[in-house]
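Novice: My structure file data15.csv, CSV, C-alpha atoms, is below:
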```
chain,number,residue,atom,x,y,z
A,1,MET,CA,-19.7,15.6,70.7
A,2,THR,CA,-22.0,17.5,72.9
A,3,LEU,CA,-21.4,21.2,73.4
A,4,LEU,CA,-19.3,22.4,76.3
A,5,GLY,CA,-21.1,24.6,78.8
A,6,ASN,CA,-24.7,25.8,78.6
A,7,ALA,CA,-24.4,28.9,76.5
A,8,ALA,CA,-23.0,29.9,73.1
A,9,VAL,CA,-22.4,32.8,70.8
A,10,VAL,CA,-23.1,32.0,67.2
A,11,MET,CA,-22.3,34.2,64.2
A,12,TRP,CA,-22.8,34.2,60.5
A,13,ILE,CA,-20.4,36.6,58.9
A,14,ASP,CA,-19.9,38.0,55.4
A,15,LEU,CA,-17.0,40.1,54.1
A,16,PRO,CA,-15.5,40.7,50.7
A,17,GLU,CA,-13.7,37.8,49.2
A,18,ALA,CA,-10.5,39.8,48.8
A,19,ALA,CA,-10.4,40.3,52.6
A,20,ARG,CA,-10.9,36.7,53.6
A,21,ALA,CA,-7.3,35.4,53.6
A,22,GLU,CA,-6.3,38.1,56.0
A,23,HIS,CA,-9.4,37.5,58.0
A,24,ASP,CA,-8.5,33.9,58.5
A,25,ALA,CA,-5.0,34.7,59.5
A,26,TRP,CA,-6.3,37.2,62.1
A,27,HIS,CA,-9.1,34.9,63.3
A,28,SER,CA,-6.8,31.9,63.9
A,29,GLY,CA,-3.7,33.8,65.0
A,30,GLU,CA,-5.0,36.5,67.2
A,31,HIS,CA,-8.8,36.6,67.6
A,32,PHE,CA,-9.5,33.0,68.7
A,33,PRO,CA,-6.6,33.0,71.2
A,34,GLU,CA,-7.8,36.4,72.6
A,35,ARG,CA,-11.3,35.2,73.1
A,36,LEU,CA,-10.3,31.9,74.6
A,37,ALA,CA,-8.2,33.7,77.2
A,38,ILE,CA,-11.4,35.2,78.6
A,39,PRO,CA,-12.7,33.2,81.6
A,40,GLY,CA,-15.8,31.1,80.6
A,41,PHE,CA,-14.8,30.6,76.9
A,42,LEU,CA,-14.5,26.9,76.4
A,43,ARG,CA,-14.1,26.2,72.7
A,44,ALA,CA,-14.2,28.1,69.4
A,45,ARG,CA,-14.9,26.9,65.9
A,46,ARG,CA,-14.9,28.6,62.5
A,47,ALA,CA,-16.4,27.0,59.4
A,48,VAL,CA,-16.4,28.3,55.9
A,49,ALA,CA,-19.0,28.1,53.1
A,50,ASP,CA,-18.3,27.2,49.5
A,51,ALA,CA,-18.5,30.3,47.3
A,52,SER,CA,-21.1,28.6,45.1
A,53,ASP,CA,-23.5,28.1,48.0
A,54,GLY,CA,-24.5,31.8,48.3
A,55,ALA,CA,-24.3,31.5,52.1
A,56,PRO,CA,-22.6,34.0,54.5
A,57,ALA,CA,-18.9,33.3,54.2
A,58,TYR,CA,-18.4,32.1,57.8
A,59,PHE,CA,-20.1,30.4,60.6
A,60,VAL,CA,-18.5,30.9,64.0
A,61,MET,CA,-19.5,29.3,67.3
A,62,TYR,CA,-18.1,30.0,70.8
A,63,GLU,CA,-19.1,27.6,73.6
A,64,LEU,CA,-19.4,29.2,77.0
A,65,GLU,CA,-19.7,28.0,80.6
A,66,GLN,CA,-22.9,30.2,81.0
A,67,ILE,CA,-24.7,33.1,79.5
A,68,GLY,CA,-23.3,35.6,82.0
A,69,VAL,CA,-19.9,35.3,80.3
A,70,THR,CA,-21.3,37.5,77.5
A,71,THR,CA,-21.7,40.5,79.9
A,72,SER,CA,-18.6,39.8,82.0
A,73,ALA,CA,-16.1,42.6,82.6
A,74,PRO,CA,-13.2,40.7,80.8
A,75,TYR,CA,-15.3,40.1,77.7
A,76,LEU,CA,-16.6,43.7,77.5
A,77,GLU,CA,-13.1,45.0,78.0
A,78,ARG,CA,-12.0,43.2,74.9
A,79,LEU,CA,-15.0,44.3,72.9
A,80,ASN,CA,-14.3,47.9,73.8
A,81,ASN,CA,-10.6,47.7,73.2
A,82,PRO,CA,-10.1,45.9,69.9
A,83,THR,CA,-6.5,45.5,68.7
A,84,PRO,CA,-5.4,47.5,65.6
A,85,TRP,CA,-5.7,44.3,63.5
A,86,SER,CA,-9.3,43.7,64.9
A,87,ARG,CA,-10.2,47.2,64.0
A,88,LYS,CA,-9.1,46.7,60.4
A,89,ILE,CA,-10.9,43.4,60.0
A,90,MET,CA,-14.2,44.6,61.7
A,91,ALA,CA,-14.3,47.6,59.4
A,92,GLN,CA,-14.5,45.2,56.4
A,93,VAL,CA,-17.4,43.1,57.6
A,94,SER,CA,-20.3,43.6,55.3
A,95,SER,CA,-22.9,41.8,57.4
A,96,MET,CA,-23.1,39.8,60.7
A,97,ASN,CA,-25.7,37.8,62.5
A,98,ARG,CA,-24.5,37.6,66.1
A,99,THR,CA,-26.7,35.9,68.7
A,100,LEU,CA,-26.1,35.2,72.3
A,101,CYS,CA,-27.7,31.8,73.1
A,102,HIS,CA,-28.8,29.4,75.7
A,103,VAL,CA,-28.1,25.8,74.8
A,104,ARG,CA,-31.5,24.1,74.8
A,105,ALA,CA,-30.4,20.7,73.6
A,106,THR,CA,-27.1,19.1,72.6
A,107,HIS,CA,-26.5,15.5,71.4
A,108,GLY,CA,-23.4,14.1,69.9
A,109,ARG,CA,-21.0,11.2,69.2
A,110,GLY,CA,-18.1,13.3,68.1
A,111,THR,CA,-16.9,16.5,66.5
A,112,ALA,CA,-17.4,16.5,62.7
A,113,SER,CA,-16.0,18.3,59.7
A,114,THR,CA,-19.3,19.6,58.2
A,115,PHE,CA,-22.0,21.8,59.6
A,116,LEU,CA,-25.6,22.3,58.6
A,117,THR,CA,-26.9,25.5,60.2
A,118,LEU,CA,-30.5,26.7,60.5
A,119,ARG,CA,-31.3,30.3,61.5
A,120,ALA,CA,-35.0,30.6,62.2
A,121,GLY,CA,-36.9,33.6,63.5
A,122,SER,CA,-40.6,34.5,63.8
A,123,ASP,CA,-42.9,37.0,65.4
A,124,PRO,CA,-43.8,36.3,69.0
A,125,ALA,CA,-47.2,34.8,68.3
A,126,ARG,CA,-45.7,32.1,66.0
A,127,LEU,CA,-42.5,31.5,67.9
A,128,PRO,CA,-43.9,28.7,70.1
A,129,ALA,CA,-45.1,26.8,67.0
A,130,LEU,CA,-41.8,27.3,65.3
A,131,ARG,CA,-39.9,26.0,68.4
A,132,ALA,CA,-42.3,23.0,68.5
A,133,HIS,CA,-41.8,22.2,64.9
A,134,ILE,CA,-38.0,22.3,65.2
A,135,THR,CA,-38.0,20.2,68.4
A,136,GLY,CA,-40.8,17.8,67.5
A,137,VAL,CA,-40.2,17.2,63.8
A,138,LEU,CA,-36.9,18.4,62.5
A,139,MET,CA,-34.6,17.3,65.4
A,140,PRO,CA,-36.0,13.8,65.6
A,141,ALA,CA,-35.5,13.4,61.9
A,142,LEU,CA,-31.9,14.7,62.0
A,143,LYS,CA,-31.0,12.7,65.0
A,144,GLY,CA,-32.2,9.5,63.2
A,145,ASN,CA,-30.1,10.2,60.1
A,146,ALA,CA,-26.8,8.3,59.9
A,147,ALA,CA,-25.0,11.3,58.4
A,148,VAL,CA,-25.5,13.4,61.6
A,149,SER,CA,-23.0,12.8,64.3
A,150,ALA,CA,-24.0,15.8,66.6
A,151,LEU,CA,-27.0,18.1,66.9
A,152,HIS,CA,-27.5,21.3,68.9
A,153,LEU,CA,-30.4,23.6,69.5
A,154,LEU,CA,-29.7,27.1,70.6
A,155,GLU,CA,-32.2,29.8,71.6
A,156,ARG,CA,-31.5,33.5,71.7
A,157,ALA,CA,-31.1,34.8,75.2
A,158,ARG,CA,-33.8,37.5,75.5
A,159,ASN,CA,-33.7,40.4,77.9
A,160,MET,CA,-29.9,40.4,77.8
A,161,GLU,CA,-28.1,43.6,78.0
A,162,ARG,CA,-26.2,44.1,74.7
A,163,PRO,CA,-24.0,47.2,75.1
A,164,ASP,CA,-23.1,49.0,71.9
A,165,THR,CA,-19.4,48.3,72.1
A,166,LEU,CA,-16.6,49.8,70.1
A,167,GLU,CA,-16.1,46.6,68.2
A,168,ARG,CA,-19.7,46.6,67.1
A,169,GLN,CA,-19.5,50.2,66.0
A,170,LEU,CA,-16.6,49.4,63.7
A,171,ARG,CA,-18.9,47.3,61.6
A,172,SER,CA,-20.7,49.2,58.9
A,173,ARG,CA,-24.2,47.8,59.6
A,174,PRO,CA,-26.1,46.8,62.8
A,175,ASP,CA,-25.8,43.1,63.8
A,176,ASN,CA,-28.8,40.9,63.2
A,177,GLN,CA,-30.0,38.2,65.6
A,178,THR,CA,-32.0,35.0,65.2
A,179,ASP,CA,-34.5,33.4,67.6
A,180,LEU,CA,-33.5,29.8,67.2
A,181,ALA,CA,-30.4,28.1,65.7
A,182,LEU,CA,-30.1,24.5,64.9
A,183,VAL,CA,-26.6,23.1,64.2
A,184,ALA,CA,-26.1,19.6,62.8
A,185,GLU,CA,-22.6,18.2,62.4
A,186,GLY,CA,-21.6,15.4,60.1
A,187,HIS,CA,-18.7,13.8,58.2
A,188,ASP,CA,-20.2,13.5,54.8
A,189,LEU,CA,-20.5,16.8,52.9
A,190,HIS,CA,-22.8,15.4,50.2
A,191,ALA,CA,-25.2,13.9,52.7
A,192,ILE,CA,-25.3,17.1,54.7
A,193,ARG,CA,-26.1,19.0,51.5
A,194,LEU,CA,-29.0,16.7,50.9
A,195,LEU,CA,-30.3,17.3,54.4
A,196,ALA,CA,-30.1,21.1,53.8
A,197,MET,CA,-32.0,20.7,50.6
A,198,ALA,CA,-34.8,18.8,52.4
A,199,LEU,CA,-35.0,21.5,55.1
A,200,ARG,CA,-35.3,24.2,52.4
A,201,GLN,CA,-38.4,22.3,51.1
A,202,ASP,CA,-40.1,22.2,54.5
A,203,ALA,CA,-43.3,24.1,54.0
A,204,MET,CA,-44.2,24.4,57.7
A,205,LEU,CA,-40.7,25.9,58.5
A,206,ALA,CA,-41.1,28.5,55.8
A,207,LYS,CA,-44.7,29.3,57.0
A,208,LEU,CA,-43.7,29.8,60.6
A,209,CYS,CA,-40.6,32.0,59.9
A,210,THR,CA,-40.6,35.6,59.0
A,211,TRP,CA,-39.7,36.1,55.3
A,212,ASN,CA,-36.2,37.5,56.0
A,213,ASP,CA,-35.2,35.4,59.0
A,214,LEU,CA,-34.7,31.9,57.6
A,215,GLY,CA,-31.3,30.7,56.6
A,216,ILE,CA,-30.2,27.1,55.9
A,217,ASP,CA,-26.6,26.8,55.0
A,218,VAL,CA,-23.7,24.3,54.8
A,219,TYR,CA,-20.2,24.9,56.1
A,220,ARG,CA,-16.9,23.0,56.3
A,221,LEU,CA,-14.8,23.2,59.5
A,222,ALA,CA,-11.7,25.4,59.1
A,223,CYS,CA,-10.5,25.9,62.7
A,224,LEU,CA,-11.2,24.5,66.1
A,225,MET,CA,-9.5,25.9,69.2
A,226,THR,CA,-9.6,25.4,73.0
A,227,PRO,CA,-8.0,27.5,75.7
A,228,ASP,CA,-4.3,27.2,76.0
A,229,ALA,CA,-3.5,24.6,78.6
A,230,ASP,CA,-0.4,26.6,79.7
```
Once more with this new file: its structure as structure tokens, please.
Specialist:
Amino acid sequence: MTLLGNAAVVMWIDLPEAARAEHDAWHSGEHFPERLAIPGFLRARRAVADASDGAPAYFVMYELEQIGVTTSAPYLERLNNPTPWSRKIMAQVSSMNRTLCHVRATHGRGTASTFLTLRAGSDPARLPALRAHITGVLMPALKGNAAVSALHLLERARNMERPDTLERQLRSRPDNQTDLALVAEGHDLHAIRLLAMALRQDAMLAKLCTWNDLGIDVYRLACLMTPDAD
């Protein structure tokens, strides 16, 4: 299924294993409903990594009507007034990559159970070549693979105001961002793992990315939510 709207917020989140059960209860029971009550939030998904993968524990994607939702008064009000439960969870986050994105391309035949996520960043001089490699080489190959049912390219929204909100201050470390995010959805976990292995062996991708801004991970869908119809 194609993404809803033309903007997204994507996050890769880590926190101690002992805190994850409570995190999941909060995320599904309070946080997703709170976010989806904000005008412009269209759909939310949380996916989890297998512990053996060594990936950030969670991948989260919010689909938005447009990028202005991320600086809207209702959204900032929630970021600056986190609930007591949100305060507790945010204080336990050990790392977060949180990127506000434009949707540059989205193709799909359905919503699937498995995600392959690519976080890719580079210095400004090499960024056009990185973007060209992803759009001209990686995306056609993934679109042509029978295991991939949906494919989305997201690009960081530059020159966006990012206020230092109270919710962000609760996290112990500054949030990271990525320049480009490629998300492939599929139904076959084994096949998606093989695609991730192939991407990790892509020499051009490794050459174009900065050494610490390349992540290729596999996740399983844990929760999907849309705004309450009531």
Novice: Return the single residue from A:Asn145, A:Ser52, A:Asn81, A:Gln177 that is closest to Leu100 in chain A, with distances computed using all atoms listed in the file.
Specialist: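 Nearest candidate to Leu100 in chain A out of A:Asn145, A:Ser52, A:Asn81, A:Gln177: A:Gln177.
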Novice: Restricting the calculation to all atoms listed in the file: of A:Ala8, A:Met96, A:Ala21, A:Cys101, which residue gets closest to Glu65 in chain A?
Specialist: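 Looking only at the distances to Glu65 in chain A, the closest residue turns out to be A:Ala8.
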Novice: At most 9 Å from (-17.9, 12.5, 56.8), file frame, all atoms listed in the file: which residues, as a list of chain:residue names?
Specialist: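 Every residue inside that radius is included here: A:Ala112, A:Ser113, A:Thr114, A:Ala147, A:Gly186, A:His187, A:Asp188, A:Leu189, A:His190, A:Ala191, A:Ile192.
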Novice: Rank A:Thr111, A:Gln169, A:Thr135, A:Thr117 by their smallest atom-to-atom distance to Trp12 in chain A, using all atoms listed in the file, and report the top residue only.
Specialist: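 Answer, going by the shortest atom-to-atom distance: A:Thr117.
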Novice: Measure the distance from CA of Thr165 in chain A to CA of Ala19 in chain A in Å and round it to one decimal.
Specialist: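 One can read the CA of Thr165 in chain A to CA of Ala19 in chain A distance as 22.9 Å.
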Novice: Compute the distance from (-36.7, 31.6, 67.0) to each atom, counting all atoms listed in the file, keep the residues with any atom at most 7 Å away, and return them as a ChimeraX atom specification; use the coordinates of the file.
Specialist: /A:120-122,127,130-131,155,178-180
Novice: Looking at only C-alpha atoms, which of A:Val183, A:Leu76, A:Val69, A:Cys223 is the one that sits closest to Arg168 in chain A?
Specialist: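 Closest to Arg168 in chain A of all the choices is A:Leu76.
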Novice: Calculate how many Å separate CA of Asp217 in chain A from CA of Asp50 in chain A, rounding to one decimal.
Specialist: 10.0 Å
Novice: I'd like the contact shell of Asp53 in chain A - 10 Å cut-off, only C-alpha atoms, skipping same-chain residues fewer than 4 positions apart - returned as a compact mmCIF listing (two decimals) with C-alpha atoms, in the coordinates of the input.
Specialist:
```
# COMPACT_ATOMS: atom_id res chain seq x y z
CA ALA A 49 -19.00 28.10 53.10
CA ALA A 57 -18.90 33.30 54.20
CA ASP A 217 -26.60 26.80 55.00
CA VAL A 218 -23.70 24.30 54.80
CA TYR A 219 -20.20 24.90 56.10
```
Novice: Mind giving me the straight-line distance from CA of Ala7 in chain A to CA of Ser172 in chain A in Å, one decimal?
Specialist: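 Straight-line distance from CA of Ala7 in chain A to CA of Ser172 in chain A works out to 27.1 Å.
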Novice: Using all atoms listed in the file, which of A:Leu221, A:Ala73, A:Ala198, A:Ala141 sits nearest Tyr58 in chain A?
Specialist: A:Leu221
Novice: Please provide as a list in words all residues within 10 Å of Asp164 in chain A, with the sequence filter that same-chain residues fewer than 5 positions apart are discarded (counting only C-alpha atoms).
Specialist: Leu79, Asn80, Gln169 and Pro174 of chain A
Novice: Which is closer to Met139 in chain A than all the others in A:Ser86, A:Ser94, A:Asn159, A:Thr106, using only C-alpha atoms?
Specialist: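 Smallest separation from Met139 in chain A among the options: A:Thr106.
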Novice: With a distance cut-off of 10 Å and all atoms listed in the file, select the neighbouring residues of Met90 in chain A, excluding the residue or stretch itself and same-chain residues fewer than 5 positions from it, and output the selection as a list of chain:residue names.
Specialist: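 The contact residues come out as A:Leu15, A:His23, A:Pro82, A:Trp85, A:Glu167, A:Arg168, A:Gln169, A:Leu170, A:Arg171, A:Ser172.
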Novice: May I ask you to restore all heavy atoms in range 82-93 of chain A and write the result as a PDB file, keeping the file's coordinate frame?
Specialist:
```
ATOM      1  N   PRO A  82     -10.574  46.828  70.982  1.00  0.00           N
ATOM      2  CA  PRO A  82     -10.100  45.900  69.900  1.00  0.00           C
ATOM      3  C   PRO A  82      -8.662  46.304  69.504  1.00  0.00           C
ATOM      4  O   PRO A  82      -8.276  47.483  69.524  1.00  0.00           O
ATOM      5  CB  PRO A  82     -11.076  46.170  68.784  1.00  0.00           C
ATOM      6  CG  PRO A  82     -11.665  47.519  69.049  1.00  0.00           C
ATOM      7  CD  PRO A  82     -11.704  47.667  70.534  1.00  0.00           C
ATOM      8  N   THR A  83      -7.906  45.301  69.133  1.00  0.00           N
ATOM      9  CA  THR A  83      -6.500  45.500  68.700  1.00  0.00           C
ATOM     10  C   THR A  83      -6.571  46.251  67.321  1.00  0.00           C
ATOM     11  O   THR A  83      -7.598  46.279  66.635  1.00  0.00           O
ATOM     12  CB  THR A  83      -5.817  44.189  68.491  1.00  0.00           C
ATOM     13  OG1 THR A  83      -6.418  43.480  67.399  1.00  0.00           O
ATOM     14  CG2 THR A  83      -5.879  43.347  69.764  1.00  0.00           C
ATOM     15  N   PRO A  84      -5.446  46.823  66.911  1.00  0.00           N
ATOM     16  CA  PRO A  84      -5.400  47.500  65.600  1.00  0.00           C
ATOM     17  C   PRO A  84      -5.797  46.497  64.461  1.00  0.00           C
ATOM     18  O   PRO A  84      -6.490  46.895  63.515  1.00  0.00           O
ATOM     19  CB  PRO A  84      -3.948  47.903  65.462  1.00  0.00           C
ATOM     20  CG  PRO A  84      -3.518  48.141  66.873  1.00  0.00           C
ATOM     21  CD  PRO A  84      -4.212  47.080  67.684  1.00  0.00           C
ATOM     22  N   TRP A  85      -5.369  45.236  64.565  1.00  0.00           N
ATOM     23  CA  TRP A  85      -5.700  44.300  63.500  1.00  0.00           C
ATOM     24  C   TRP A  85      -7.232  43.980  63.562  1.00  0.00           C
ATOM     25  O   TRP A  85      -7.890  43.888  62.527  1.00  0.00           O
ATOM     26  CB  TRP A  85      -4.932  42.981  63.725  1.00  0.00           C
ATOM     27  CG  TRP A  85      -4.756  42.172  62.470  1.00  0.00           C
ATOM     28  CD1 TRP A  85      -5.178  42.485  61.201  1.00  0.00           C
ATOM     29  CD2 TRP A  85      -4.098  40.911  62.361  1.00  0.00           C
ATOM     30  NE1 TRP A  85      -4.825  41.492  60.307  1.00  0.00           N
ATOM     31  CE2 TRP A  85      -4.166  40.513  60.990  1.00  0.00           C
ATOM     32  CE3 TRP A  85      -3.468  40.062  63.273  1.00  0.00           C
ATOM     33  CZ2 TRP A  85      -3.620  39.315  60.532  1.00  0.00           C
ATOM     34  CZ3 TRP A  85      -2.918  38.881  62.811  1.00  0.00           C
ATOM     35  CH2 TRP A  85      -2.994  38.504  61.464  1.00  0.00           C
ATOM     36  N   SER A  86      -7.809  43.872  64.771  1.00  0.00           N
ATOM     37  CA  SER A  86      -9.300  43.700  64.900  1.00  0.00           C
ATOM     38  C   SER A  86     -10.022  44.848  64.287  1.00  0.00           C
ATOM     39  O   SER A  86     -11.037  44.662  63.598  1.00  0.00           O
ATOM     40  CB  SER A  86      -9.658  43.496  66.358  1.00  0.00           C
ATOM     41  OG  SER A  86      -9.141  42.297  66.882  1.00  0.00           O
ATOM     42  N   ARG A  87      -9.550  46.061  64.529  1.00  0.00           N
ATOM     43  CA  ARG A  87     -10.200  47.200  64.000  1.00  0.00           C
ATOM     44  C   ARG A  87     -10.239  47.174  62.443  1.00  0.00           C
ATOM     45  O   ARG A  87     -11.243  47.481  61.806  1.00  0.00           O
ATOM     46  CB  ARG A  87      -9.502  48.515  64.431  1.00  0.00           C
ATOM     47  CG  ARG A  87      -9.684  48.828  65.918  1.00  0.00           C
ATOM     48  CD  ARG A  87      -8.749  49.946  66.349  1.00  0.00           C
ATOM     49  NE  ARG A  87      -8.866  50.227  67.766  1.00  0.00           N
ATOM     50  CZ  ARG A  87      -9.539  51.252  68.282  1.00  0.00           C
ATOM     51  NH1 ARG A  87     -10.186  52.078  67.483  1.00  0.00           N
ATOM     52  NH2 ARG A  87      -9.588  51.427  69.584  1.00  0.00           N
ATOM     53  N   LYS A  88      -9.130  46.754  61.871  1.00  0.00           N
ATOM     54  CA  LYS A  88      -9.100  46.700  60.400  1.00  0.00           C
ATOM     55  C   LYS A  88     -10.029  45.640  59.862  1.00  0.00           C
ATOM     56  O   LYS A  88     -10.757  45.904  58.902  1.00  0.00           O
ATOM     57  CB  LYS A  88      -7.624  46.325  59.991  1.00  0.00           C
ATOM     58  CG  LYS A  88      -7.450  46.198  58.488  1.00  0.00           C
ATOM     59  CD  LYS A  88      -6.026  45.808  58.123  1.00  0.00           C
ATOM     60  CE  LYS A  88      -5.874  45.660  56.605  1.00  0.00           C
ATOM     61  NZ  LYS A  88      -4.496  45.217  56.232  1.00  0.00           N
ATOM     62  N   ILE A  89     -10.062  44.468  60.486  1.00  0.00           N
ATOM     63  CA  ILE A  89     -10.900  43.400  60.000  1.00  0.00           C
ATOM     64  C   ILE A  89     -12.399  43.747  60.194  1.00  0.00           C
ATOM     65  O   ILE A  89     -13.236  43.568  59.293  1.00  0.00           O
ATOM     66  CB  ILE A  89     -10.597  42.065  60.683  1.00  0.00           C
ATOM     67  CG1 ILE A  89      -9.156  41.631  60.365  1.00  0.00           C
ATOM     68  CG2 ILE A  89     -11.592  40.986  60.278  1.00  0.00           C
ATOM     69  CD1 ILE A  89      -8.887  41.358  58.910  1.00  0.00           C
ATOM     70  N   MET A  90     -12.752  44.241  61.384  1.00  0.00           N
ATOM     71  CA  MET A  90     -14.200  44.600  61.700  1.00  0.00           C
ATOM     72  C   MET A  90     -14.712  45.601  60.721  1.00  0.00           C
ATOM     73  O   MET A  90     -15.889  45.562  60.361  1.00  0.00           O
ATOM     74  CB  MET A  90     -14.304  45.020  63.126  1.00  0.00           C
ATOM     75  CG  MET A  90     -14.144  43.922  64.144  1.00  0.00           C
ATOM     76  SD  MET A  90     -15.442  42.661  63.978  1.00  0.00           S
ATOM     77  CE  MET A  90     -14.747  41.345  64.982  1.00  0.00           C
ATOM     78  N   ALA A  91     -13.884  46.522  60.302  1.00  0.00           N
ATOM     79  CA  ALA A  91     -14.300  47.600  59.400  1.00  0.00           C
ATOM     80  C   ALA A  91     -14.682  47.004  58.003  1.00  0.00           C
ATOM     81  O   ALA A  91     -15.379  47.656  57.219  1.00  0.00           O
ATOM     82  CB  ALA A  91     -13.279  48.651  59.262  1.00  0.00           C
ATOM     83  N   GLN A  92     -14.194  45.796  57.702  1.00  0.00           N
ATOM     84  CA  GLN A  92     -14.500  45.200  56.400  1.00  0.00           C
ATOM     85  C   GLN A  92     -15.660  44.250  56.395  1.00  0.00           C
ATOM     86  O   GLN A  92     -16.073  43.792  55.325  1.00  0.00           O
ATOM     87  CB  GLN A  92     -13.212  44.409  55.940  1.00  0.00           C
ATOM     88  CG  GLN A  92     -11.986  45.287  55.762  1.00  0.00           C
ATOM     89  CD  GLN A  92     -10.772  44.488  55.371  1.00  0.00           C
ATOM     90  OE1 GLN A  92     -10.602  44.121  54.209  1.00  0.00           O
ATOM     91  NE2 GLN A  92      -9.912  44.206  56.335  1.00  0.00           N
ATOM     92  N   VAL A  93     -16.219  43.963  57.575  1.00  0.00           N
ATOM     93  CA  VAL A  93     -17.400  43.100  57.600  1.00  0.00           C
ATOM     94  C   VAL A  93     -18.576  43.725  56.978  1.00  0.00           C
ATOM     95  O   VAL A  93     -18.942  44.857  57.307  1.00  0.00           O
ATOM     96  CB  VAL A  93     -17.695  42.714  59.118  1.00  0.00           C
ATOM     97  CG1 VAL A  93     -19.018  41.976  59.226  1.00  0.00           C
ATOM     98  CG2 VAL A  93     -16.567  41.865  59.711  1.00  0.00           C
TER      99      VAL A  93
END
```
